[in-house]
Every structure is written in C-alpha cells, then in structure tokens.
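Student: So I've got this file, coords_18.cif, and it contains mmCIF, C-alpha atoms:
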data_start
loop_
_atom_site.group_PDB
_atom_site.id
_atom_site.type_symbol
_atom_site.label_atom_id
_atom_site.label_comp_id
_atom_site.auth_asym_id
_atom_site.auth_seq_id
_atom_site.Cartn_x
_atom_site.Cartn_y
_atom_site.Cartn_z
ATOM 1 C CA MET C 1 -12.497 -0.035 31.286
ATOM 2 C CA ILE C 2 -15.994 0.494 29.911
ATOM 3 C CA ARG C 3 -17.527 3.735 31.103
ATOM 4 C CA PRO C 4 -21.280 4.179 30.611
ATOM 5 C CA SER C 5 -22.782 7.565 29.935
ATOM 6 C CA MET C 6 -26.422 8.558 29.742
ATOM 7 C CA ARG C 7 -28.108 9.853 26.582
ATOM 8 C CA LEU C 8 -31.813 9.784 25.893
ATOM 9 C CA GLY C 9 -32.410 7.378 28.740
ATOM 10 C CA CYS C 10 -30.156 4.669 27.324
ATOM 11 C CA VAL C 11 -26.691 3.590 28.301
ATOM 12 C CA ILE C 12 -24.202 4.478 25.611
ATOM 13 C CA THR C 13 -21.007 2.545 26.278
ATOM 14 C CA ALA C 14 -17.665 3.957 25.189
ATOM 15 C CA GLY C 15 -16.657 2.370 21.918
ATOM 16 C CA LEU C 16 -20.201 1.198 21.160
ATOM 17 C CA ALA C 17 -22.062 4.459 20.623
ATOM 18 C CA ALA C 18 -20.927 4.781 17.017
ATOM 19 C CA GLY C 19 -22.339 1.343 16.282
ATOM 20 C CA ALA C 20 -25.735 2.097 17.783
ATOM 21 C CA THR C 21 -28.541 2.367 15.272
ATOM 22 C CA ALA C 22 -31.420 3.471 17.490
ATOM 23 C CA CYS C 23 -32.067 4.864 20.938
ATOM 24 C CA SER C 24 -35.101 6.700 22.238
ATOM 25 C CA ASP C 25 -36.122 8.173 25.555
ATOM 26 C CA PRO C 26 -37.939 5.625 27.758
ATOM 27 C CA GLN C 27 -39.694 8.523 29.521
ATOM 28 C CA GLN C 28 -41.503 9.446 26.306
ATOM 29 C CA GLY C 29 -43.441 7.731 23.576
ATOM 30 C CA ASP C 30 -45.135 4.485 24.525
ATOM 31 C CA GLY C 31 -43.653 4.195 28.002
ATOM 32 C CA GLY C 32 -40.230 3.035 26.912
ATOM 33 C CA MET C 33 -41.168 -0.003 24.869
ATOM 34 C CA ASP C 34 -39.085 1.342 21.973
ATOM 35 C CA ALA C 35 -36.145 2.482 24.111
ATOM 36 C CA THR C 36 -33.763 0.069 22.452
ATOM 37 C CA LEU C 37 -30.156 0.475 21.449
ATOM 38 C CA ILE C 38 -28.935 -1.998 18.860
ATOM 39 C CA PHE C 39 -25.330 -3.196 18.934
ATOM 40 C CA ALA C 40 -24.548 -2.841 15.220
ATOM 41 C CA ASP C 41 -21.199 -4.631 15.524
ATOM 42 C CA ALA C 42 -22.693 -7.554 17.437
ATOM 43 C CA GLY C 43 -24.256 -10.709 16.142
ATOM 44 C CA CYS C 44 -27.468 -12.363 17.296
ATOM 45 C CA GLU C 45 -29.594 -9.198 16.960
ATOM 46 C CA ALA C 46 -28.294 -8.125 20.375
ATOM 47 C CA SER C 47 -29.932 -5.033 21.867
ATOM 48 C CA TYR C 48 -30.463 -3.379 25.201
ATOM 49 C CA ALA C 49 -32.859 -0.859 26.679
ATOM 50 C CA GLY C 50 -33.124 1.507 29.634
ATOM 51 C CA TRP C 51 -36.408 1.636 31.560
ATOM 52 C CA PRO C 52 -38.085 3.754 34.228
ATOM 53 C CA GLN C 53 -37.219 2.218 37.591
ATOM 54 C CA ASP C 54 -40.006 0.939 39.813
ATOM 55 C CA PRO C 55 -39.608 0.995 43.622
ATOM 56 C CA GLY C 56 -37.932 -2.038 45.151
ATOM 57 C CA LEU C 57 -40.681 -3.102 47.538
ATOM 58 C CA HIS C 58 -40.423 -6.398 49.437
ATOM 59 C CA VAL C 59 -43.256 -8.946 49.437
ATOM 60 C CA ASP C 60 -43.621 -12.469 50.808
ATOM 61 C CA THR C 61 -42.096 -15.262 48.735
ATOM 62 C CA ASP C 62 -45.549 -16.671 47.955
ATOM 63 C CA ALA C 63 -46.788 -13.373 46.488
ATOM 64 C CA SER C 64 -47.681 -13.011 42.819
ATOM 65 C CA ILE C 65 -45.730 -10.141 41.219
ATOM 66 C CA THR C 66 -46.185 -8.390 37.886
ATOM 67 C CA TRP C 67 -43.232 -6.544 36.353
ATOM 68 C CA ASN C 68 -43.211 -3.873 33.659
ATOM 69 C CA THR C 69 -40.352 -5.409 31.655
ATOM 70 C CA ASN C 70 -39.427 -8.889 30.491
ATOM 71 C CA PRO C 71 -37.077 -9.858 31.983
ATOM 72 C CA PRO C 72 -37.805 -7.850 35.143
ATOM 73 C CA SER C 73 -35.398 -4.950 35.594
ATOM 74 C CA SER C 74 -36.657 -3.291 38.789
ATOM 75 C CA GLY C 75 -39.623 -3.298 41.114
ATOM 76 C CA THR C 76 -41.181 -5.482 43.756
ATOM 77 C CA HIS C 77 -39.236 -8.568 44.823
ATOM 78 C CA PHE C 78 -38.688 -11.081 47.617
ATOM 79 C CA PRO C 79 -36.856 -10.097 50.822
ATOM 80 C CA ILE C 80 -33.983 -12.519 50.154
ATOM 81 C CA TRP C 81 -31.827 -12.875 47.076
ATOM 82 C CA ALA C 82 -30.136 -15.704 45.200
ATOM 83 C CA HIS C 83 -26.577 -16.889 45.721
ATOM 84 C CA TRP C 84 -24.238 -15.195 43.275
ATOM 85 C CA GLY C 85 -23.005 -17.500 40.513
ATOM 86 C CA VAL C 86 -24.285 -20.270 38.262
ATOM 87 C CA HIS C 87 -27.536 -22.026 39.182
ATOM 88 C CA SER C 88 -28.560 -25.444 37.912
ATOM 89 C CA GLU C 89 -32.195 -24.840 38.863
ATOM 90 C CA VAL C 90 -34.546 -22.057 37.771
ATOM 91 C CA VAL C 91 -34.223 -19.114 40.154
ATOM 92 C CA PRO C 92 -37.651 -17.498 40.588
ATOM 93 C CA ARG C 93 -37.804 -13.902 39.403
ATOM 94 C CA GLY C 94 -38.683 -12.477 42.818
ATOM 95 C CA TYR C 95 -35.268 -13.581 44.097
ATOM 96 C CA TYR C 96 -33.120 -12.474 41.195
ATOM 97 C CA VAL C 97 -34.684 -9.000 40.993
ATOM 98 C CA HIS C 98 -33.318 -8.516 44.518
ATOM 99 C CA ASN C 99 -29.856 -9.414 43.144
ATOM 100 C CA GLU C 100 -30.308 -6.641 40.580
ATOM 101 C CA GLU C 101 -31.185 -4.183 43.352
ATOM 102 C CA HIS C 102 -27.820 -5.031 44.954
ATOM 103 C CA GLY C 103 -25.951 -4.026 41.792
ATOM 104 C CA GLY C 104 -25.817 -7.433 40.155
ATOM 105 C CA VAL C 105 -26.495 -8.559 36.610
ATOM 106 C CA VAL C 106 -28.663 -11.587 35.895
ATOM 107 C CA LEU C 107 -27.914 -13.718 32.813
ATOM 108 C CA LEU C 108 -30.865 -15.697 31.501
ATOM 109 C CA TYR C 109 -31.523 -18.304 28.859
ATOM 110 C CA ARG C 110 -34.642 -20.055 27.617
ATOM 111 C CA CYS C 111 -34.509 -23.643 26.478
ATOM 112 C CA ILE C 112 -36.406 -23.535 23.195
ATOM 113 C CA ALA C 113 -35.153 -26.884 21.940
ATOM 114 C CA ALA C 114 -34.964 -30.280 23.553
ATOM 115 C CA ASP C 115 -31.273 -29.738 24.241
ATOM 116 C CA CYS C 116 -30.025 -26.322 25.346
ATOM 117 C CA ALA C 117 -26.745 -27.659 26.756
ATOM 118 C CA THR C 118 -24.642 -25.694 24.249
ATOM 119 C CA THR C 119 -26.154 -22.350 25.221
ATOM 120 C CA ARG C 120 -25.758 -23.116 28.903
ATOM 121 C CA GLN C 121 -22.127 -24.169 28.396
ATOM 122 C CA GLN C 122 -21.410 -20.946 26.496
ATOM 123 C CA LEU C 123 -22.912 -18.858 29.296
ATOM 124 C CA GLU C 124 -21.107 -20.791 32.030
ATOM 125 C CA ALA C 125 -17.785 -20.262 30.221
ATOM 126 C CA PHE C 126 -18.679 -16.583 29.802
ATOM 127 C CA VAL C 127 -19.303 -16.199 33.555
ATOM 128 C CA ALA C 128 -15.995 -17.935 34.322
ATOM 129 C CA SER C 129 -14.153 -15.544 31.967
ATOM 130 C CA LEU C 130 -15.384 -12.329 33.608
ATOM 131 C CA PRO C 131 -12.909 -10.358 35.725
ATOM 132 C CA VAL C 132 -13.436 -10.427 39.472
ATOM 133 C CA GLU C 133 -14.955 -7.459 41.264
ATOM 134 C CA PRO C 134 -12.329 -6.315 43.790
ATOM 135 C CA LEU C 135 -15.078 -4.754 45.914
ATOM 136 C CA CYS C 136 -16.720 -8.149 46.415
ATOM 137 C CA VAL C 137 -13.722 -10.439 46.928
ATOM 138 C CA PRO C 138 -13.480 -9.737 50.702
ATOM 139 C CA ASN C 139 -17.037 -11.136 50.985
ATOM 140 C CA GLY C 140 -16.065 -14.335 49.176
ATOM 141 C CA VAL C 141 -17.918 -13.277 46.015
ATOM 142 C CA GLN C 142 -16.025 -13.124 42.728
ATOM 143 C CA ARG C 143 -18.639 -11.095 40.860
ATOM 144 C CA ARG C 144 -22.237 -9.980 41.337
ATOM 145 C CA ILE C 145 -23.716 -12.161 38.625
ATOM 146 C CA VAL C 146 -26.460 -14.784 38.537
ATOM 147 C CA LEU C 147 -26.903 -17.292 35.702
ATOM 148 C CA THR C 148 -30.216 -19.116 35.564
ATOM 149 C CA GLU C 149 -32.727 -20.494 33.119
ATOM 150 C CA ASP C 150 -35.889 -18.402 32.799
ATOM 151 C CA PRO C 151 -38.634 -19.991 30.668
ATOM 152 C CA LEU C 152 -40.600 -16.706 30.660
ATOM 153 C CA ILE C 153 -38.140 -14.531 28.711
ATOM 154 C CA ASP C 154 -39.128 -13.642 25.154
ATOM 155 C CA SER C 155 -35.721 -14.263 23.549
ATOM 156 C CA PRO C 156 -33.312 -17.215 23.741
ATOM 157 C CA ILE C 157 -30.796 -15.177 25.770
ATOM 158 C CA ALA C 158 -31.418 -12.163 27.968
ATOM 159 C CA ALA C 159 -29.867 -10.250 30.829
ATOM 160 C CA ALA C 160 -31.097 -7.697 33.307
ATOM 161 C CA ALA C 161 -29.652 -5.126 35.664
ATOM 162 C CA TRP C 162 -31.510 -2.531 37.710
ATOM 163 C CA GLY C 163 -33.309 -0.390 35.105
ATOM 164 C CA TYR C 164 -31.860 -2.146 32.035
ATOM 165 C CA THR C 165 -32.519 -5.206 29.893
ATOM 166 C CA TYR C 166 -30.537 -7.028 27.222
ATOM 167 C CA ARG C 167 -31.858 -9.440 24.575
ATOM 168 C CA ALA C 168 -30.187 -11.610 21.945
ATOM 169 C CA GLN C 169 -31.208 -14.397 19.607
ATOM 170 C CA CYS C 170 -28.034 -16.357 20.382
ATOM 171 C CA PHE C 171 -24.864 -16.044 22.455
ATOM 172 C CA ASP C 172 -22.785 -12.980 21.528
ATOM 173 C CA ASP C 173 -19.784 -12.508 23.816
ATOM 174 C CA TYR C 174 -19.037 -8.953 22.660
ATOM 175 C CA SER C 175 -22.384 -7.347 23.420
ATOM 176 C CA LEU C 176 -23.162 -9.420 26.512
ATOM 177 C CA ARG C 177 -19.758 -8.609 28.038
ATOM 178 C CA ALA C 178 -20.279 -4.903 27.310
ATOM 179 C CA PHE C 179 -23.665 -4.998 29.036
ATOM 180 C CA VAL C 180 -22.387 -6.856 32.113
ATOM 181 C CA LEU C 181 -19.333 -4.654 32.610
ATOM 182 C CA ALA C 182 -21.258 -1.426 32.023
ATOM 183 C CA ARG C 183 -24.209 -2.226 34.320
ATOM 184 C CA THR C 184 -22.635 -4.020 37.308
ATOM 185 C CA GLY C 185 -22.715 -1.975 40.482
ATOM 186 C CA LEU C 186 -25.238 0.639 39.329
ATOM 187 C CA ALA C 187 -28.312 0.101 41.489
ATOM 188 C CA PRO C 188 -30.033 1.549 44.572
ATOM 189 C CA GLU C 189 -28.264 -0.782 47.011
ATOM 190 C CA GLN C 190 -24.624 -1.773 46.716
ATOM 191 C CA SER C 191 -24.063 -5.134 48.373
ATOM 192 C CA CYS C 192 -21.633 -7.958 47.679
ATOM 193 C CA LEU C 193 -23.068 -10.173 50.397
ATOM 194 C CA ASP C 194 -23.967 -13.607 49.106
ATOM 195 C CA GLY C 195 -27.631 -14.497 48.822
ATOM 196 C CA PHE C 196 -29.703 -17.095 50.642
ATOM 197 C CA TYR C 197 -31.618 -18.802 47.820
ATOM 198 C CA PRO C 198 -31.729 -21.720 47.402
#
Represent the structure from my file as structure tokens, please.

Tutor:
Amino acid sequence: MIRPSMRLGCVITAGLAAGATACSDPQQGDGGMDATLIFADAGCEASYAGWPQDPGLHVDTDASITWNTNPPSSGTHFPIWAHWGVHSEVVPRGYYVHNEEHGGVVLLYRCIAADCATTRQQLEAFVASLPVEPLCVPNGVQRRIVLTEDPLIDSPIAAAAWGYTYRAQCFDDYSLRAFVLARTGLAPEQSCLDGFYP
C-alpha cells in the first residue's frame, strides 16, 4: 500500500522520496509554480506538484471559469460531475474538477500528433489494471477515475486530483500509478456516486 505523507507542501510517497530531486513549498516563493517533485526513477520526465486549494464553488454549466493550475486541481466547477471511467469524448473541465472534489483522479492526454491512438490505448489499459476501490463497489463504481482527452494541458500526459497535478512527456506506468494510488480519496467530499455527464 502506498502511504502519502506531507513535506514542504508536496506529497512524498513511500518508496519514492529517496528518488525525488526537488520539492518546494507551494505556499512560498512564486505562488507554488515551482512546487514540483521529480520522480527520479521514472521515465518521461514525470513530475507532480501540490498546490493551494481553491474553494469548490458551483457555477452554471455555461459559465466561463479560470483555474490557477493546468490541469485544474481545485476551485470552481459545475454542479454535476462526469461518469467515472473512460470517456471517448472530451469531458469539459468544469465537470471533471467536480470529480476531483469527490476524491477522484482525472487522467488526461493531449493529441499532439495526427494519431494518438497508442497513448489512449496505454491509458485505457492502465485504467483497466488498477485495483478496485472497495469503498465504491457497492455503488457500482470500480474506481474513482476519469480518463479523457484535454487539448488544453501543457504536456502530452497529465493527471489531477484535488490540490495536486501530475505531468509527463509520455506514458510512465510507475509514476502515474504512484500518483493515482496516493491521491485517490483525498478531497473535501468523499463520494463514490456515479456522475451524470454526459
């Protein structure tokens, strides 16, 4: 079992701390923009960061929202959330931030080439390989995870949980799995209920 612990505003995961090359306090410096922990043992330049958490206010689904991180990791969002699981369409950010507020992790990819089928297949297989969350099974949900394309992320692969982001230049099972298992279920609202979008 991976047990997260807090140090300098970043999650240090058991077994990974020794491989971390940098971590700074997101409450200091330039507002957290350098609050990044690098997975030294991982490929793909994988890193993650902890961020100050913005209030989870609800706004209408036609509202324009600005977030302080990319991908969004907390803050204003829509009143309904996305179905847990793999999505073939782009899930708008306002929906998936609500999934994060419920303790879920959102996996994201950006199609930077004409064909991003390989990346999507890797991520779909990754989602299928994750252990179930016993807490959620009675609700018919295997795990609080959403996989969707997001053309606005600034790396080919990213992930977000409430207050945390992950970035990688390619698919790295080791670091992505560590992030998902460490960050699931740590959010203001704990809910395994399935979403309503689309």

Student: Hey, what comes out of the PyMOL selection byres ((chain C and resi 54) around 10) on this file? Could you write it as a list in words?

Tutor: Trp51, Pro52, Gln53, Pro55, Gly56, Leu57, Trp67, Asn68, Ser73, Ser74, Gly75, Thr76, Trp162 and Gly163 of chain C

Student: List the residues matched by the PyMOL selection byres ((chain C and resi 47) around 6) in the displayed structure as a PyMOL selection string, ordered by chain and then by residue number.

Tutor: chain C and resi 37-39+46+48+166-167

Student: I'd like to see the residues matched by the PyMOL selection byres ((chain C and resi 79) around 8) on this file, and ideally I'd get them as a compact mmCIF listing (two decimals) with C-alpha atoms, in the frame of the given file.

Tutor:
# COMPACT_ATOMS: atom_id res chain seq x y z
CA HIS C 58 -40.42 -6.40 49.44
CA VAL C 59 -43.26 -8.95 49.44
CA ASP C 60 -43.62 -12.47 50.81
CA THR C 61 -42.10 -15.26 48.74
CA HIS C 77 -39.24 -8.57 44.82
CA PHE C 78 -38.69 -11.08 47.62
CA ILE C 80 -33.98 -12.52 50.15
CA TRP C 81 -31.83 -12.88 47.08
CA TYR C 95 -35.27 -13.58 44.10
CA HIS C 98 -33.32 -8.52 44.52

Student: Would you pick out the contacts of Pro71 (chain C) at 8 Å or less, using all atoms listed in the file, so that residues sharing its chain but fewer than 5 positions from it are not included, and give the list as a count of residues only?

Tutor: 6

Student: Adding 3 Å on each side of the box along x, y and z that holds all listed atoms of region 66-77 of chain C, could you give its centre and edge lengths in Å to one decimal, as lines of an AutoDock Vina configuration file?

Tutor:
center_x = -40.8
center_y = -6.6
center_z = 37.7
size_x = 16.8
size_y = 12.6
size_z = 20.3
